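Here's protein25.txt, which has compact mmCIF, C-alpha atoms:
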```txt
# COMPACT_ATOMS: atom_id res chain seq x y z
CA MET P 536 -71.44 -66.26 120.14
CA ARG P 537 -71.99 -64.21 123.29
CA ILE P 538 -75.32 -62.40 123.54
CA SER P 539 -75.73 -59.10 125.37
CA VAL P 540 -79.21 -57.80 126.16
CA ALA P 541 -79.47 -54.01 126.37
CA VAL P 542 -82.58 -53.04 128.36
CA ILE P 543 -83.51 -49.35 128.32
CA THR P 544 -85.46 -48.03 131.30
CA TYR P 545 -86.80 -44.87 132.85
CA ASN P 546 -88.53 -44.63 136.24
CA TRP P 547 -90.59 -47.83 136.14
CA PRO P 548 -88.78 -50.27 138.46
CA ALA P 549 -91.81 -52.57 138.82
CA ALA P 550 -91.84 -53.25 135.08
CA LEU P 551 -88.07 -53.54 134.96
CA GLU P 552 -88.11 -56.17 137.70
CA LEU P 553 -90.52 -58.34 135.71
CA VAL P 554 -88.39 -57.87 132.56
CA LEU P 555 -85.23 -58.92 134.42
CA ARG P 556 -86.92 -61.91 136.07
CA ALA P 557 -88.09 -63.09 132.65
CA LEU P 558 -84.55 -62.85 131.27
CA ALA P 559 -83.27 -64.82 134.27
CA ALA P 560 -85.81 -67.59 133.55
CA GLN P 561 -84.74 -68.24 129.94
CA THR P 562 -84.14 -71.73 128.57
CA GLU P 563 -80.84 -70.28 127.33
CA LEU P 564 -79.32 -67.44 129.30
CA PRO P 565 -77.60 -64.45 127.68
CA TYR P 566 -74.00 -63.66 128.51
CA GLU P 567 -75.00 -60.39 130.18
CA VAL P 568 -77.87 -57.98 130.76
CA ILE P 569 -77.08 -54.27 130.55
CA VAL P 570 -79.71 -51.95 132.01
CA THR P 571 -79.19 -48.56 130.40
CA ASP P 572 -81.00 -45.93 132.39
CA ASP P 573 -82.13 -42.58 130.96
CA GLY P 574 -82.05 -40.77 134.30
CA SER P 575 -84.25 -42.77 136.69
CA GLN P 576 -84.63 -41.92 140.35
CA PRO P 577 -82.75 -44.04 142.97
CA ALA P 578 -85.51 -46.68 143.18
CA THR P 579 -84.21 -48.26 139.97
CA ARG P 580 -80.66 -48.58 141.30
CA GLU P 581 -82.01 -50.02 144.56
CA LEU P 582 -83.98 -52.62 142.61
CA LEU P 583 -80.92 -53.63 140.61
CA GLU P 584 -78.76 -53.95 143.71
CA ARG P 585 -81.36 -56.26 145.25
CA ILE P 586 -81.79 -58.39 142.12
CA ALA P 587 -78.04 -58.63 141.57
CA GLN P 588 -77.59 -60.70 144.73
CA ASP P 589 -78.87 -63.87 143.02
CA TYR P 590 -78.92 -62.93 139.32
CA PRO P 591 -77.67 -65.76 137.08
CA VAL P 592 -75.68 -63.67 134.57
CA ARG P 593 -73.53 -60.58 134.48
CA LEU P 594 -75.71 -57.55 135.32
CA VAL P 595 -74.65 -53.99 134.50
CA HIS P 596 -76.29 -50.66 135.30
CA LEU P 597 -75.46 -47.63 133.16
CA TRP P 598 -77.05 -44.36 134.28
CA GLN P 599 -77.10 -40.97 132.59
CA PRO P 600 -78.60 -37.72 133.94
CA ASP P 601 -82.23 -36.97 133.15
CA ASP P 602 -81.96 -34.31 130.48
CA GLY P 603 -85.09 -35.08 128.48
CA ALA P 604 -85.68 -38.25 126.51
CA ARG P 605 -82.26 -39.34 125.25
CA MET P 606 -82.95 -42.92 124.23
CA SER P 607 -80.39 -42.88 121.42
CA ARG P 608 -77.60 -41.90 123.79
CA ALA P 609 -78.66 -44.45 126.41
CA ARG P 610 -78.74 -47.28 123.88
CA ASN P 611 -75.41 -46.26 122.37
CA ARG P 612 -73.76 -46.40 125.78
CA ALA P 613 -75.08 -49.92 126.25
CA ILE P 614 -73.79 -50.99 122.84
CA ALA P 615 -70.38 -49.45 123.58
CA ALA P 616 -70.24 -51.25 126.94
CA ALA P 617 -71.46 -54.62 125.65
CA GLN P 618 -69.08 -57.57 125.83
CA GLY P 619 -71.20 -59.71 123.51
CA ASP P 620 -70.90 -60.37 119.79
CA TYR P 621 -74.65 -60.00 119.29
CA ILE P 622 -76.84 -57.40 120.97
CA ILE P 623 -80.55 -57.70 121.64
CA LEU P 624 -82.26 -54.35 122.16
CA LEU P 625 -85.16 -54.62 124.58
CA ASP P 626 -87.38 -52.01 126.21
CA GLY P 627 -87.81 -51.98 129.97
CA ASP P 628 -91.52 -52.77 129.59
CA MET P 629 -91.06 -55.84 127.36
CA VAL P 630 -91.37 -59.18 129.19
CA ALA P 631 -89.63 -61.96 127.27
CA GLU P 632 -91.08 -65.44 126.77
CA ARG P 633 -88.76 -68.20 128.03
CA HIS P 634 -87.36 -69.11 124.57
CA PHE P 635 -86.61 -65.47 123.71
CA ILE P 636 -82.80 -65.65 123.86
CA ALA P 637 -82.62 -69.07 122.22
CA ASP P 638 -84.83 -67.85 119.38
CA HIS P 639 -82.73 -64.75 118.79
CA ARG P 640 -79.61 -66.93 118.66
CA LEU P 641 -81.26 -69.34 116.23
CA PHE P 642 -82.20 -66.59 113.78
CA ALA P 643 -79.06 -64.44 114.11
CA ARG P 644 -77.72 -64.30 110.55
CA ARG P 645 -74.71 -62.47 109.23
CA GLY P 646 -75.75 -59.64 106.95
CA CYS P 647 -79.10 -59.22 108.73
CA PHE P 648 -80.65 -57.60 111.76
CA ALA P 649 -83.59 -59.22 113.51
CA GLN P 650 -86.92 -57.45 114.00
CA GLY P 651 -89.04 -59.01 116.72
CA SER P 652 -92.71 -58.51 117.50
CA ARG P 653 -94.73 -58.01 120.68
CA VAL P 654 -97.98 -58.86 122.38
CA LEU P 655 -99.88 -55.75 123.49
CA THR P 656 -101.64 -55.71 126.86
CA ASN P 657 -104.40 -53.49 128.15
CA GLU P 658 -104.09 -51.66 131.45
CA ASP P 659 -105.83 -54.37 133.47
CA LEU P 660 -103.68 -57.24 132.19
CA ALA P 661 -100.48 -55.24 132.68
CA ARG P 662 -101.50 -54.58 136.28
CA ARG P 663 -102.21 -58.29 136.87
CA MET P 664 -98.87 -59.30 135.34
CA LEU P 665 -97.02 -56.89 137.60
CA GLU P 666 -98.94 -57.86 140.73
CA HIS P 667 -98.67 -61.63 140.23
CA GLY P 668 -95.36 -61.93 138.39
CA VAL P 669 -96.91 -63.32 135.18
CA LEU P 670 -94.17 -63.66 132.56
CA MET P 671 -96.26 -64.51 129.49
CA PRO P 672 -100.01 -64.39 128.84
CA GLY P 673 -101.62 -67.29 127.00
CA PHE P 674 -103.39 -67.22 123.66
CA PHE P 675 -106.80 -67.07 125.38
CA SER P 676 -105.83 -64.50 128.01
CA ARG P 677 -108.10 -61.51 128.41
CA GLY P 678 -106.73 -58.05 127.73
CA ILE P 679 -104.32 -58.70 124.85
CA ASP P 680 -104.00 -57.46 121.30
CA ARG P 681 -102.00 -59.13 118.51
CA ARG P 682 -102.94 -62.47 120.02
CA ARG P 683 -101.00 -64.41 117.37
CA HIS P 684 -97.76 -63.17 118.96
CA THR P 685 -98.37 -65.44 121.96
CA LEU P 686 -97.81 -68.52 119.76
CA HIS P 687 -94.34 -70.09 119.80
CA MET P 688 -94.06 -72.14 116.60
CA ARG P 689 -90.55 -72.46 115.17
CA VAL P 690 -91.69 -74.22 112.00
CA MET P 691 -93.78 -71.16 111.15
CA ALA P 692 -90.94 -68.88 112.29
CA TYR P 693 -88.63 -70.24 109.59
CA TRP P 694 -91.22 -69.38 106.97
CA TYR P 695 -91.36 -65.72 108.00
CA ALA P 696 -87.63 -65.23 108.66
CA LYS P 697 -86.73 -64.39 105.07
CA PRO P 698 -84.32 -61.47 104.54
CA SER P 699 -86.03 -58.32 103.25
CA THR P 700 -85.76 -54.54 103.23
CA LYS P 701 -89.31 -53.96 104.46
CA ARG P 702 -89.62 -50.64 106.29
CA ARG P 703 -92.93 -51.04 108.06
CA GLY P 704 -93.05 -52.17 111.66
CA ILE P 705 -89.54 -51.14 112.70
CA LYS P 706 -89.38 -50.93 116.49
CA SER P 707 -86.35 -51.07 118.76
CA CYS P 708 -88.29 -52.57 121.65
CA ASN P 709 -87.26 -56.02 120.32
CA MET P 710 -84.37 -56.02 117.84
CA GLY P 711 -81.16 -57.96 117.39
CA PHE P 712 -77.92 -56.74 115.76
CA TRP P 713 -74.41 -58.01 115.40
CA ARG P 714 -72.32 -55.57 117.41
CA ASP P 715 -69.83 -55.02 114.59
CA ASP P 716 -72.70 -53.99 112.29
CA LEU P 717 -73.79 -51.39 114.84
CA LEU P 718 -70.21 -50.12 115.04
CA ARG P 719 -70.09 -49.85 111.25
CA ILE P 720 -73.21 -47.64 111.06
CA ASN P 721 -72.27 -45.80 114.29
CA GLY P 722 -75.28 -46.90 116.30
CA PHE P 723 -78.25 -44.67 117.03
CA ASN P 724 -78.35 -41.05 115.94
CA GLU P 725 -78.06 -38.88 119.05
CA ALA P 726 -79.29 -35.83 117.17
CA MET P 727 -82.68 -37.47 117.68
CA THR P 728 -84.18 -36.75 121.10
CA GLY P 729 -87.72 -36.84 122.40
CA TRP P 730 -90.22 -39.45 121.29
CA GLY P 731 -89.56 -41.90 118.52
CA ARG P 732 -88.22 -42.50 115.04
CA GLU P 733 -84.63 -43.18 116.14
CA ASP P 734 -85.20 -46.88 115.39
CA THR P 735 -86.57 -46.11 111.90
CA GLU P 736 -83.53 -43.95 111.15
CA LEU P 737 -81.16 -46.66 112.42
CA ALA P 738 -82.83 -49.26 110.18
CA ALA P 739 -82.61 -46.92 107.18
CA ARG P 740 -78.84 -46.64 107.60
CA ALA P 741 -78.60 -50.40 108.10
CA PHE P 742 -80.36 -50.94 104.76
CA HIS P 743 -78.05 -48.40 103.10
CA ALA P 744 -75.08 -50.37 104.48
CA GLY P 745 -76.37 -53.49 102.74
CA LEU P 746 -77.98 -55.22 105.71
CA PHE P 747 -81.27 -57.05 105.44
CA ARG P 748 -84.11 -57.39 107.91
CA CYS P 749 -85.08 -60.78 109.32
CA ASP P 750 -88.58 -60.78 110.81
CA LEU P 751 -89.11 -62.89 113.91
CA ARG P 752 -92.68 -64.19 113.96
CA PHE P 753 -93.85 -67.06 116.15
CA SER P 754 -90.47 -66.78 117.91
CA ALA P 755 -88.57 -64.36 120.20
CA LEU P 756 -91.92 -63.50 121.79
CA ALA P 757 -92.30 -60.67 124.29
CA THR P 758 -95.21 -58.94 126.00
CA HIS P 759 -95.45 -55.16 126.13
CA LEU P 760 -96.80 -53.84 129.44
CA TYR P 761 -99.44 -51.19 128.86
CA HIS P 762 -98.65 -47.55 129.52
CA ARG P 763 -99.81 -44.27 128.07
CA THR P 764 -98.15 -43.51 124.75
CA ARG P 765 -96.71 -40.40 123.16
CA LYS P 766 -96.83 -42.02 119.74
CA HIS P 767 -98.81 -39.38 117.89
CA VAL P 768 -96.42 -36.42 118.01
CA VAL P 769 -97.39 -33.59 115.65
CA ASP P 770 -94.56 -32.14 113.55
CA ASN P 771 -91.98 -34.43 115.14
CA PRO P 772 -88.53 -32.94 114.27
CA ASN P 773 -87.11 -36.47 114.21
CA ASP P 774 -89.08 -37.10 111.01
CA LEU P 775 -86.90 -34.52 109.25
CA ILE P 776 -83.77 -36.41 110.28
CA VAL P 777 -85.22 -39.67 108.94
CA ASP P 778 -86.06 -37.95 105.65
CA ASP P 779 -82.54 -36.53 105.37
CA THR P 780 -80.95 -39.91 106.10
CA ARG P 781 -83.00 -41.51 103.35
CA ALA P 782 -82.46 -38.70 100.86
CA ARG P 783 -78.68 -38.77 101.28
CA GLN P 784 -78.48 -42.56 101.62
CA LEU P 785 -76.45 -42.15 104.81
CA ILE P 786 -74.75 -45.17 106.38
CA ARG P 787 -73.16 -43.52 109.42
CA CYS P 788 -74.56 -40.79 111.64
CA GLU P 789 -72.35 -37.96 112.85
CA HIS P 790 -73.34 -38.04 116.52
CA GLY P 791 -73.41 -41.70 117.41
CA LEU P 792 -71.87 -44.67 119.11
CA ASP P 793 -68.21 -43.87 118.51
CA GLN P 794 -68.15 -41.05 121.07
CA HIS P 795 -68.78 -43.55 123.90
CA LEU P 796 -66.25 -46.25 123.03
CA ALA P 797 -63.38 -44.70 125.01
CA GLU P 798 -65.51 -44.68 128.19
CA PHE P 799 -65.86 -48.45 128.02
CA THR P 800 -62.40 -49.64 127.01
CA THR P 801 -62.59 -51.31 130.42
CA ALA P 802 -65.80 -53.26 130.91
CA PRO P 803 -68.23 -51.69 133.41
CA ALA P 804 -68.67 -53.39 136.76
CA ASP P 805 -70.86 -56.44 137.22
CA LEU P 806 -73.38 -55.53 139.94
CA ARG P 807 -73.15 -59.06 141.32
CA SER P 808 -69.48 -58.52 142.16
CA VAL P 809 -70.21 -55.10 143.61
CA GLN P 810 -72.90 -56.54 145.89
CA ARG P 811 -70.65 -59.38 147.06
CA THR P 812 -67.97 -56.83 147.96
CA VAL P 813 -70.51 -54.75 149.89
CA GLN P 814 -71.75 -57.81 151.78
CA ARG P 815 -68.21 -58.87 152.75
CA THR P 816 -67.52 -55.34 153.97
CA LEU P 817 -70.65 -55.35 156.13
CA ALA P 818 -70.04 -58.85 157.51
```
Target encoding structure tokens, full file:
Amino acid sequence: MRISVAVITYNWPAALELVLRALAAQTELPYEVIVTDDGSQPATRELLERIAQDYPVRLVHLWQPDDGARMSRARNRAIAAAQGDYIILLDGDMVAERHFIADHRLFARRGCFAQGSRVLTNEDLARRMLEHGVLMPGFFSRGIDRRRHTLHMRVMAYWYAKPSTKRRGIKSCNMGFWRDDLLRINGFNEAMTGWGREDTELAARAFHAGLFRCDLRFSALATHLYHRTRKHVVDNPNDLIVDDTRARQLIRCEHGLDQHLAEFTTAPADLRSVQRTVQRTLA
């Protein structure tokens, strides 16, 4: 089973660098890391070109113009481009613990998607992690919330990883799907723009398609770097789309993943190869 990690980012190259370094330091490496970029300025591309020179796995950069928050479209492009059988969705401010990929592989079950958790940092700890390259805070670290999510305990993880259709706590910052399941439900709903709820709507269609949720606790750990949130949006129009999906028991969305498949019939370039070509040209 080949694992692709789809990392979504927007104009925070310092956080993205820490995320990518953490993925490069895994006990088990993924097949590829796809950075799907919702319109960042050139600093993000420059970072990726620098990191690509010694990155241990295939590294891809997908960029789309900045036309408001289009997370669904960005993630769908990454899914369409992915060469892996299993796709881990990760936000560009989520720093993975060193067993993250191995844990996702261990708990990847047919008929299920995996819902991971996260450690929350305050502003001071996030700053210290970025300044000093800290990849995972400890249980007793200052400045964290949800402290239990720092504990890597696979025996406990098996206890929690029971298939369910629980709706609470759905978040695409740390999720795992079989790629063919995402193709079947047509990925994220691109009618949903702006902040939030696209992951809730995706999970609703997954449940309607007969998939179950497998919670990853005490495994697949990741730390969320603090930033200001837009979580509390009043009269979010995306809520209406979620309600409609549930009311009609929809499995596929109309505006989704399928519209990007033709673009990636040929796999996108590996930045490592691009950088080697550039270096040979300059030599």
Non-local contacts of Ala802 in chain P (8 Å; only C-alpha atoms; under 2 positions in same chain excluded) as a list in words | Ala616, Ala617, Gln618, Phe799, Thr800 and Ala804 of chain P
Residues of range 588-627 of chain P that have any atom at most 9 Å from an atom of range 694-714 of chain P: could you tabulate them with the shortest-distance atom pair and the distance in Å to one decimal, using all atoms listed in the file, ordered by chain and increasing number, as a Markdown table?
```
| residue | atom | partner | partner_atom | distance |
| --- | --- | --- | --- | --- |
| P:Ile614 | CA | P:Arg714 | CA | 7.3 |
| P:Ala615 | CA | P:Arg714 | CA | 8.9 |
| P:Ala617 | CA | P:Arg714 | CA | 8.3 |
| P:Gly619 | CA | P:Arg714 | CA | 7.5 |
| P:Asp620 | CA | P:Arg714 | CA | 5.5 |
| P:Tyr621 | CA | P:Trp713 | CA | 4.4 |
| P:Ile622 | CA | P:Phe712 | CA | 5.4 |
| P:Ile623 | CA | P:Gly711 | CA | 4.3 |
| P:Leu624 | CA | P:Met710 | CA | 5.1 |
| P:Leu625 | CA | P:Cys708 | CA | 4.8 |
| P:Asp626 | CA | P:Cys708 | CA | 4.7 |
| P:Gly627 | CA | P:Cys708 | CA | 8.4 |
```
CA of Ala755 in chain P to CA of Met629 in chain P, distance in Å rounded to a single decimal | 11.4 Å
Spatial neighbours of Ala631 in chain P, 10 Å, all atoms listed in the file, chain gap at least 6 places, as an mmCIF file with C-alpha atoms, keeping the file's coordinate frame:
```cif
data_model
loop_
_atom_site.group_PDB
_atom_site.id
_atom_site.type_symbol
_atom_site.label_atom_id
_atom_site.label_comp_id
_atom_site.auth_asym_id
_atom_site.auth_seq_id
_atom_site.Cartn_x
_atom_site.Cartn_y
_atom_site.Cartn_z
ATOM 1 C CA LEU P 553 -90.520 -58.340 135.710
ATOM 2 C CA VAL P 554 -88.390 -57.870 132.560
ATOM 3 C CA LEU P 555 -85.230 -58.920 134.420
ATOM 4 C CA ARG P 556 -86.920 -61.910 136.070
ATOM 5 C CA ALA P 557 -88.090 -63.090 132.650
ATOM 6 C CA LEU P 558 -84.550 -62.850 131.270
ATOM 7 C CA ALA P 559 -83.270 -64.820 134.270
ATOM 8 C CA ALA P 560 -85.810 -67.590 133.550
ATOM 9 C CA GLN P 561 -84.740 -68.240 129.940
ATOM 10 C CA LEU P 625 -85.160 -54.620 124.580
ATOM 11 C CA ARG P 653 -94.730 -58.010 120.680
ATOM 12 C CA LEU P 670 -94.170 -63.660 132.560
ATOM 13 C CA MET P 671 -96.260 -64.510 129.490
ATOM 14 C CA ASN P 709 -87.260 -56.020 120.320
ATOM 15 C CA ALA P 755 -88.570 -64.360 120.200
ATOM 16 C CA LEU P 756 -91.920 -63.500 121.790
ATOM 17 C CA ALA P 757 -92.300 -60.670 124.290
ATOM 18 C CA THR P 758 -95.210 -58.940 126.000
ATOM 19 C CA HIS P 759 -95.450 -55.160 126.130
#
```
Give the padded box for range 685-691 of chain P as JSON: axis-aligned, covering all atoms listed in the file, 6 Å on each side, centre and edge lengths in Å to one decimal.
```
{"center_x": -94.5, "center_y": -69.8, "center_z": 116.6, "size_x": 19.8, "size_y": 20.8, "size_z": 22.8}
```
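One finds CA of Arg748 in chain P at 8.7 Å from CA of Gly646 in chain P.
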Give one line per residue of range 646-750 of chain P that approaches range 772-776 of chain P to at most 9 Å, naming the two atoms of the closest pair and their distance in Å to one decimal, counting only C-alpha atoms; sort by chain then ascending residue number and deliver it as JSON lines.
```
{"residue": "P:Ala726", "atom": "CA", "partner": "P:Ile776", "partner_atom": "CA", "distance": 8.2}
{"residue": "P:Met727", "atom": "CA", "partner": "P:Asn773", "partner_atom": "CA", "distance": 5.7}
{"residue": "P:Thr728", "atom": "CA", "partner": "P:Asn773", "partner_atom": "CA", "distance": 7.5}
{"residue": "P:Gly729", "atom": "CA", "partner": "P:Asn773", "partner_atom": "CA", "distance": 8.2}
{"residue": "P:Trp730", "atom": "CA", "partner": "P:Asn773", "partner_atom": "CA", "distance": 8.3}
{"residue": "P:Gly731", "atom": "CA", "partner": "P:Asn773", "partner_atom": "CA", "distance": 7.4}
{"residue": "P:Arg732", "atom": "CA", "partner": "P:Asn773", "partner_atom": "CA", "distance": 6.2}
{"residue": "P:Glu733", "atom": "CA", "partner": "P:Asn773", "partner_atom": "CA", "distance": 7.4}
{"residue": "P:Glu736", "atom": "CA", "partner": "P:Ile776", "partner_atom": "CA", "distance": 7.6}
```
Which is closest to Asp638 in chain P among P:Val769, P:Met664, P:Leu792, P:Leu564, if we use only C-alpha atoms?
-> P:Leu564
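Taking CA of Val690 in chain P and CA of Leu746 in chain P as the two end points, the separation is 24.3 Å.
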